[in-house]
Structure formats: structure tokens, C-alpha cells
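Notes follow once the structure below has been shown.
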Amino acid sequence: MANSKYEYVKCFEIEDEVMFPNIILVRINACKLHKPCDVNALKLMNSCTVAVFEEYADVVLAYGFSDEYNFVFKKTSKFYERRASKVLSIITSFFSSVFVRKWGEFFPHKELQCPPSFNGQVIACASTEALQAYLLWRQNICHLSNQHDQCLWRLVERGMDEKEAWDFVKGFDKSDLNNLLFDEFNVNYNTLEPIFRQGSCVLKTMVEDIVKYTDNCAPIKRHRRKIITVHSKKIASKRFWNEQTVLLKELGVFVEEINYVNPEYVRSFEFDSKLMLSTWIVVRIDGCHFHRFSEIHEFVKPNDDRALNLMNSCAVTVIEKFWKDIVFAYGVSDEYSFVLTKTSNLYQRRANKIISAIVSFFTSTYVMRWKDFFSQCELKYPPSFDGRAVCYPSTEILRDYLSWRQVDCHINNQYNSCFWKLVVSGKSKREAQHSLKGAQLQKKIEELAIDYNKLPVMYRQGSSVYRNKVDNVLIHQENGESSESYGKAIVEHIDIIGPTFWLEHPNILDE
């Protein structure tokens with residue numbers, strides 16, 4: 001980060017480390033993904049989970065059903081130094097990215113209409129016993145929710161609308177749902193596919209592979225870890241667990257059988273905090289390993305208009321989706337900051353859900369719109385972003401935060417302009433770095449004959465996204481309700497450090 005008088009705002013950032021010996025577990029759920037019992041949708045979720053395993057070696061177990069997946073990290077994991085917000089946002093973002101990329105494999109004749117979004121939370125399990133209780137709870141939920149869904153969607157297919165079907169099965173217990181399936185639809189619940197009834201468990205197992213042959217054709221074998229997907233009846237049982245050598249090594253042993261778990265007990269494992277009331281919330285997202293990503297996808301250096309405009313387009317979409325809560329966004333390079341109002345009650349101000357929902361929606365949009373900006377360049381692998389949420393108590397401090405980011409944009413662009421001018425002139429990257437070490441950038445710009453003020457303003461000042469204020473308009477909808485229009489989200493490249501912009505747009509940070 002560049003040094004500036006505004007850097008004091010970093011003191012408002014709070015670390016959220018999940019301490020040892022807690023086992024880290026991440027649960028993600030699709031936001032408003034209403035669908036009937038669709039085996040292809042479940043297989044898509046499973047395929048995305050396998051991709052998470054392939055990308056992040058610390059994930060050793062996952063359990064999922066319907067639109068939910070739970071990822072368990074090995075007990076000794078130091079994944080991103082165990083910071084809850086970073087662990088959660090990366091897993092959620094990568095899963096969203098893969099979900100969009102793999103959609104066509106499972107739904108070749110059905111276009112993905114809008115960017116999917118997942119919200120999530122971190123669960124800290126203090127012991128393998130706590131993990132066992134958690135897994136039993138989720139598989140019990142799988143059984144009950146699947147019984148409910150099987151009845152609900154069959155009633156809808158018969159002719160009920162969705163609300164009528166919901167009201168009809170409301171309050172039904174397991175026995176009622178089983179009887180409804182059998183009596184009304186002649187369906188024996190126990191004969192349904194295990195992927196529906198028991199969920200999917202993705203894990204690593206040890207297998208023996210032939211790696212080569214000797215001169216006399218004798219096979220040479222090696223043990224390696226292989227990712228498998230199973231649909232076990234009882235994933236929290238001693239028998240299932242203690243047969244898995246990788247789980248025993250990375251997570252520990254299940255000592256006793258358990259047949260009942262109190263939901264309130266396992267809910268207490270949730271590692272989450274509610275963000276302070278009456279404070280501005282800033283969610284800042286950053287591209288993960290985007291230095292490598294930009295090189296592989298051959299971004300123009302030092303700035304690529306396509307990449308910057310893609311980020312801006314995603315930010316506009318985020319503001320349009322969360323229009324009641326997000327009033328301003330500022331972006332530069334592979335970073336974007338989203339400002340939520342002091343009065344926002346998005347997800348009851350639960351940090352985990354806010355971060356994961358915004359990061360995953362941004363990521364999905366990024367992947368879906370890639371071809372709009374890189375028509376000649378194939379997206380070679382799933383991009384991902386991490387995120388964090390920080391509270392700022394006053395408008396003055398919030399503006400200092402935004403000023404800090406714009407100062408950082410300015411200084412980094414000066415450095416990058418000099419660096420790439422040196423590389424183009426024939427210096428190696430190491431030589432260019434050495435030449436700029438400790439240098440006064442303004443003087444270096446003059447030496448290199450860079451007309452800095454003529455560079456595109458987007459490079460020098462970043463991008464600001466906000467809603468253009470218009471007169472409130474009441475829109476009467478079919479259900480008789482009305483809503484207000486707050487104008488279209490626009491992108492500008494302007495000075496947000498000085499007072500002029502804020503005086504001209506007092507509604508943006510109006511308390």
C-alpha cells in the first residue's frame with residue numbers, strides 16, 4: 001500500500017482469526033435458487049465441489065444437498081492464516097466462478113439467465129465430536145428438506161401454485177410427508193435416489209496407482225490421494241468415518257456413535273459477528289493472484305481498458321442488485337470497495353453473509369461478462385476474489401477511507417507507468433524494480449518523458465460508481481404495491497478526495 005495521511009483508516013480493520021485447535025468449516029447456500037428436485041443441479045454442485053478440492057489442498061471433506069455445501073478444512077490448516085472473512089470469501093468466490101463455467105456441461109440447452117450468488121458462514125468446531133454433531137445435524141436437515149421438496153414440487157406439478165403448495169405442507173413432520181408421498185403419488189421415499197435422500201459427501205481417499213513398469217514389465221505402484229463422491233446413509237457414523245484413512249489423519253477419530261443432536265448446540269459453533277449499528281459498512285474485494293491471472297490472459301500493461309471496464313461493469317451490476325443498501329463504489333485495478341449505508345440491515349448486518357453474497361455475485365458477473373470485454377481471449381481458469389467488511393463510524397472517516405484508496409490508485413499508477421516504460425525500453429523486470437526502488441516517482445516520470453496528465457483519467461483516478469439521483473417515481477405493480485426509482489448506476493472517473501464531488505452529490509452520503 002502507498003503511504004499517505006489517510007492510512008490511519010486501517011486501524012478500523014478487525015482481525016477475525018479462527019484460533020487453533022478449532023476445525024474450520026465453511027457453509028455456503030445459494031441465494032434464492034428456487035428449483036425442483038433436479039439431479040443435474042445436484043451434480044453441478046458436486047462438480048463445483050470437486051473443483052474446490054482440486055484447487056485448495058487443505059479442504060479434506062465436503063457434504064452437500066440441495067443448494068447447500070459444507071467444506072471442512074484439515075485440523076492443522078493455515079489457509080490464509082485462518083482469517084474467517086478471507087477463507088469464506090475465497091471459497092464462495094471460487095465456487096461461484098466454477099458454477100458459471102460448468103453450467104453448460106449440466107444444462108446444455110438452458111442458458112444461465114442471471115449471475116448466481118451464494119452466501120455463507122464460517123463454523124468453528126472445537127473438536128471432532130463437535131464436527132460429528134454438526135455433520136449429523138446437516139444430514140438430518142437433508143432428509144427433512146428433501147421430503148418437503150419432493151412433496152412440494154409434486155403438488156406444483158399437479159396444478160397447485162407454489163404458495164398453495166407451501167401452505168399445504170406447512171407443519172408436516174417426517175411421517176406426514178412420507179404418507180403424503182405414498183398416498184397421493186405412490187412414491188416410496190426410501191426408493192428415491194440416494195443423492196436426494198442422503199446428500200453427497202466428497203472426500204479424499206488413498207488409492208494405489210501404477211506409475212511405471214520396470215524393464216521386466218513388473219508394475220511399480222505408489223499411493224496417492226484421490227477425490228471421490230459418495231452418498232452415504234450416515235456420514236457421522238463411526239463405521240463410515242473410521243474407514244476413511246485421510247479423514248482419520250487430518251481430522252481425528254469419531255469415538256462414540258451419536259443418534260441425536262440439539263440444533264441450538266451446533267448453531268453455537270457459528271463464527272460470525274453482526275457489524276456495528278449506525279456505522280458505514282465498506283466491503284472491499286480484491287482479485288486473488290491477479291498478477292498471474294493478468295499475465296496468463298495477456299492483459300495490456302500497465303493498464304488494460306478491457307479489464308478495468310469489466311470490473312466497472314460488475315460493480316454497476318452489484319449496485320443495481322443491492323440498490324437499497326449500496327450507495328457508492330470505488331474501484332482500481334483488481335480491487336473494488338462497496339459502501340453500504342449506515343441504516344443498512346442487509347442480512348441483519350451479519351458480516352459473513354454480506355461479504356460472501358457480494359463477493360460471489362461480483363465473481364459470477366465477472367465470469368458471465370468476460371466475453372463481452374475479452375471477445376478474442378478465452379477465460380482459461382476460474383478467477384476468484386477475497387473480501388472483508390469494515391465499519392467506519394462517521395462520514396468524515398469514510399471519506400478518508402475513499403481518499404486513501406484514490407491516493408493509492410494515483411501512486412501505484414505512477415509506479416506502474418514508470419516500471420513498464422523501463423521494461424519496454426529494454427530493462428528486465430528486476431532491473432526496472434531496482435531502478436525505481438526509493439525513487440521519487442514524479443521526478444522519474446519527468447526523466448522518462450511520460451506525459452502523466454495526458455494518461456486516461458480512469459488510470460489516474462480510478463472509477464466511482466453511484467446512482468444518478470432523480471426525482472422519486474412511484475411505480476404501480478400488478479400486486480398493487482409501489483416502489484421508488486433512485487436513478488441509474490453510472491461510472492465516472494473523478495476526484496473524490498476534494499469536496500467538490502460530494503457537495504454536488506450530497507444525497508450519496510446523506511445520513
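Labels used: A, B, ... for chains in the order of the C-alpha cells, numbers from 1 for residues in each chain, and numbers from 1 for ligands as shown.
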message = When you look at Gln440 in chain A with a cut-off of 12 Å (counting only C-alpha atoms), what residues show up, excluding the ones that are within fewer than 6 positions of it in the same chain? I need them as a ChimeraX atom specification.
response = /A:411,414-415,418,446-447
Could you write out the selected residues, including N, CA, C and O atoms, as a PDB file, in the first residue's frame?
ATOM      1  N   ILE A 411      -0.639   6.755  -6.803  1.00  0.00           N
ATOM      2  CA  ILE A 411       0.773   6.420  -6.610  1.00  0.00           C
ATOM      3  C   ILE A 411       1.123   5.113  -7.319  1.00  0.00           C
ATOM      4  O   ILE A 411       2.172   5.003  -7.964  1.00  0.00           O
ATOM      5  N   GLN A 414       1.432   5.756 -11.001  1.00  0.00           N
ATOM      6  CA  GLN A 414       2.708   6.401 -11.313  1.00  0.00           C
ATOM      7  C   GLN A 414       3.829   5.366 -11.377  1.00  0.00           C
ATOM      8  O   GLN A 414       4.642   5.344 -12.305  1.00  0.00           O
ATOM      9  N   TYR A 415       3.861   4.498 -10.359  1.00  0.00           N
ATOM     10  CA  TYR A 415       4.910   3.472 -10.304  1.00  0.00           C
ATOM     11  C   TYR A 415       4.816   2.543 -11.512  1.00  0.00           C
ATOM     12  O   TYR A 415       5.815   2.266 -12.181  1.00  0.00           O
ATOM     13  N   CYS A 418       5.960   4.066 -14.804  1.00  0.00           N
ATOM     14  CA  CYS A 418       7.428   4.116 -14.885  1.00  0.00           C
ATOM     15  C   CYS A 418       8.004   2.713 -15.112  1.00  0.00           C
ATOM     16  O   CYS A 418       8.891   2.516 -15.953  1.00  0.00           O
ATOM     17  N   GLU A 446       9.294  12.488 -15.077  1.00  0.00           N
ATOM     18  CA  GLU A 446       9.890  13.533 -15.918  1.00  0.00           C
ATOM     19  C   GLU A 446      11.101  13.002 -16.671  1.00  0.00           C
ATOM     20  O   GLU A 446      11.296  13.282 -17.856  1.00  0.00           O
ATOM     21  N   GLU A 447      11.917  12.201 -15.981  1.00  0.00           N
ATOM     22  CA  GLU A 447      13.113  11.641 -16.618  1.00  0.00           C
ATOM     23  C   GLU A 447      12.740  10.728 -17.786  1.00  0.00           C
ATOM     24  O   GLU A 447      13.439  10.685 -18.809  1.00  0.00           O
TER      25      GLU A 447
END
inquiry  = Could you list, as a list of chain:residue names, every residue within 12 Å of Lys301 in chain A, counting only C-alpha atoms and ignoring same-chain residues fewer than 3 positions away?
reply    = A:His291, A:Ser294, A:Glu295, A:His297, A:Glu298, A:Asp304, A:Asp305, A:Arg306, A:Ala307, A:Leu308, A:Ser333, A:Asn413, A:Asn416, A:Ser417, A:Cys418, A:Phe419, A:Trp420, A:Lys421, A:Leu422, A:Val423, A:Val424, A:Tyr459
ask   = Hey, what's within 9 Å of Asp149 in chain A if we count only C-alpha atoms and toss same-chain stuff fewer than 4 positions away? As a VMD selection string, please?
value = chain A and resid 36 to 37 144 to 145 153 to 154
Keeping only C-alpha atoms, write those residues as a PDB file, in the first residue's frame.
ATOM      1  CA  PRO A  36     -37.488 -28.577  -8.247  1.00  0.00           C
ATOM      2  CA  CYS A  37     -35.568 -31.724  -7.340  1.00  0.00           C
ATOM      3  CA  LEU A 144     -36.317 -33.428   6.082  1.00  0.00           C
ATOM      4  CA  SER A 145     -35.797 -30.770   3.399  1.00  0.00           C
ATOM      5  CA  TRP A 153     -42.830 -29.905  -6.315  1.00  0.00           C
ATOM      6  CA  ARG A 154     -45.120 -32.841  -6.977  1.00  0.00           C
TER       7      ARG A 154
END
Closest contacts (range 230-307 of chain A/range 20-24 of chain A, max 12 Å, only C-alpha atoms) as JSON lines:
{"residue": "A:Glu250", "atom": "CA", "partner": "A:Ile23", "partner_atom": "CA", "distance": 10.2}
{"residue": "A:Leu251", "atom": "CA", "partner": "A:Ile23", "partner_atom": "CA", "distance": 8.0}
{"residue": "A:Gly252", "atom": "CA", "partner": "A:Ile23", "partner_atom": "CA", "distance": 10.6}
{"residue": "A:Phe269", "atom": "CA", "partner": "A:Asn22", "partner_atom": "CA", "distance": 9.9}
{"residue": "A:Glu270", "atom": "CA", "partner": "A:Ile24", "partner_atom": "CA", "distance": 10.3}
{"residue": "A:Phe271", "atom": "CA", "partner": "A:Ile24", "partner_atom": "CA", "distance": 9.4}
Convert the current residue selection to file output with N, CA and C atoms, as a PDB file, in the first residue's frame.
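Result file out-v8.pdb:
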ATOM      1  N   GLU A 250      -6.284 -36.356   9.085  1.00  0.00           N
ATOM      2  CA  GLU A 250      -6.382 -34.894   9.025  1.00  0.00           C
ATOM      3  C   GLU A 250      -7.365 -34.296  10.030  1.00  0.00           C
ATOM      4  N   LEU A 251      -8.328 -35.109  10.525  1.00  0.00           N
ATOM      5  CA  LEU A 251      -9.357 -34.559  11.413  1.00  0.00           C
ATOM      6  C   LEU A 251      -9.493 -35.300  12.737  1.00  0.00           C
ATOM      7  N   GLY A 252      -9.158 -36.579  12.768  1.00  0.00           N
ATOM      8  CA  GLY A 252      -9.257 -37.329  14.010  1.00  0.00           C
ATOM      9  C   GLY A 252     -10.326 -38.406  13.965  1.00  0.00           C
ATOM     10  N   PHE A 269     -21.709 -22.989  17.148  1.00  0.00           N
ATOM     11  CA  PHE A 269     -20.376 -23.048  16.545  1.00  0.00           C
ATOM     12  C   PHE A 269     -20.160 -21.945  15.507  1.00  0.00           C
ATOM     13  N   GLU A 270     -21.231 -21.271  15.088  1.00  0.00           N
ATOM     14  CA  GLU A 270     -21.119 -20.289  14.010  1.00  0.00           C
ATOM     15  C   GLU A 270     -20.172 -19.164  14.397  1.00  0.00           C
ATOM     16  N   PHE A 271     -19.191 -18.931  13.528  1.00  0.00           N
ATOM     17  CA  PHE A 271     -18.175 -17.913  13.773  1.00  0.00           C
ATOM     18  C   PHE A 271     -18.580 -16.675  12.974  1.00  0.00           C
TER      19      PHE A 271
END
task = Identify all residues of range 160-238 of chain A in alpha helix (DSSP H) (DSSP on the backbone) and supply them as a ChimeraX atom specification.
result = /A:162-169,174-185,194-197,238
task = Skip Cys201 in chain A itself and residues of its chain fewer than 3 positions away, then list as a PyMOL selection string all residues within 9 Å of it, counting only C-alpha atoms.
result = chain A and resi 46+61-64+198+228-232+235
Please produce a file of the residues just selected, as a CSV table (one decimal), in the first residue's frame, where the atoms kept are N, CA, C and O atoms.
chain,number,residue,atom,x,y,z
A,46,ASN,N,-22.0,-30.8,-7.1
A,46,ASN,CA,-20.9,-31.8,-6.7
A,46,ASN,C,-19.7,-31.5,-7.5
A,46,ASN,O,-18.5,-31.6,-7.0
A,61,LEU,N,-12.9,-32.6,3.3
A,61,LEU,CA,-14.2,-33.2,3.4
A,61,LEU,C,-15.2,-32.2,3.0
A,61,LEU,O,-15.1,-31.0,3.3
A,62,ALA,N,-16.3,-32.6,2.3
A,62,ALA,CA,-17.4,-31.7,2.0
A,62,ALA,C,-18.7,-32.5,2.0
A,62,ALA,O,-18.7,-33.7,1.6
A,63,TYR,N,-19.7,-31.9,2.5
A,63,TYR,CA,-21.1,-32.5,2.5
A,63,TYR,C,-22.1,-31.5,1.9
A,63,TYR,O,-22.1,-30.4,2.4
A,64,GLY,N,-22.9,-32.0,1.0
A,64,GLY,CA,-23.9,-31.1,0.4
A,64,GLY,C,-25.2,-31.7,0.0
A,64,GLY,O,-25.2,-33.0,-0.2
A,198,GLN,N,-29.8,-38.7,0.9
A,198,GLN,CA,-28.7,-38.8,1.8
A,198,GLN,C,-27.6,-37.7,1.5
A,198,GLN,O,-26.7,-37.5,2.3
A,228,ILE,N,-13.2,-38.5,-4.3
A,228,ILE,CA,-14.3,-39.4,-4.6
A,228,ILE,C,-15.6,-38.7,-4.1
A,228,ILE,O,-15.6,-37.9,-3.1
A,229,THR,N,-16.7,-39.1,-4.7
A,229,THR,CA,-18.0,-38.6,-4.2
A,229,THR,C,-18.9,-39.8,-3.9
A,229,THR,O,-19.1,-40.7,-4.7
A,230,VAL,N,-19.4,-39.8,-2.7
A,230,VAL,CA,-20.3,-40.9,-2.2
A,230,VAL,C,-21.6,-40.4,-1.7
A,230,VAL,O,-21.7,-39.2,-1.3
A,231,HIS,N,-22.5,-41.3,-1.5
A,231,HIS,CA,-23.8,-40.9,-1.0
A,231,HIS,C,-24.1,-41.9,0.2
A,231,HIS,O,-24.8,-42.9,0.0
A,232,SER,N,-23.5,-41.6,1.3
A,232,SER,CA,-23.6,-42.5,2.4
A,232,SER,C,-24.8,-42.2,3.3
A,232,SER,O,-25.2,-41.1,3.5
A,235,ILE,N,-23.1,-40.3,7.4
A,235,ILE,CA,-21.7,-39.8,7.3
A,235,ILE,C,-21.1,-39.5,8.7
A,235,ILE,O,-19.9,-39.3,8.8
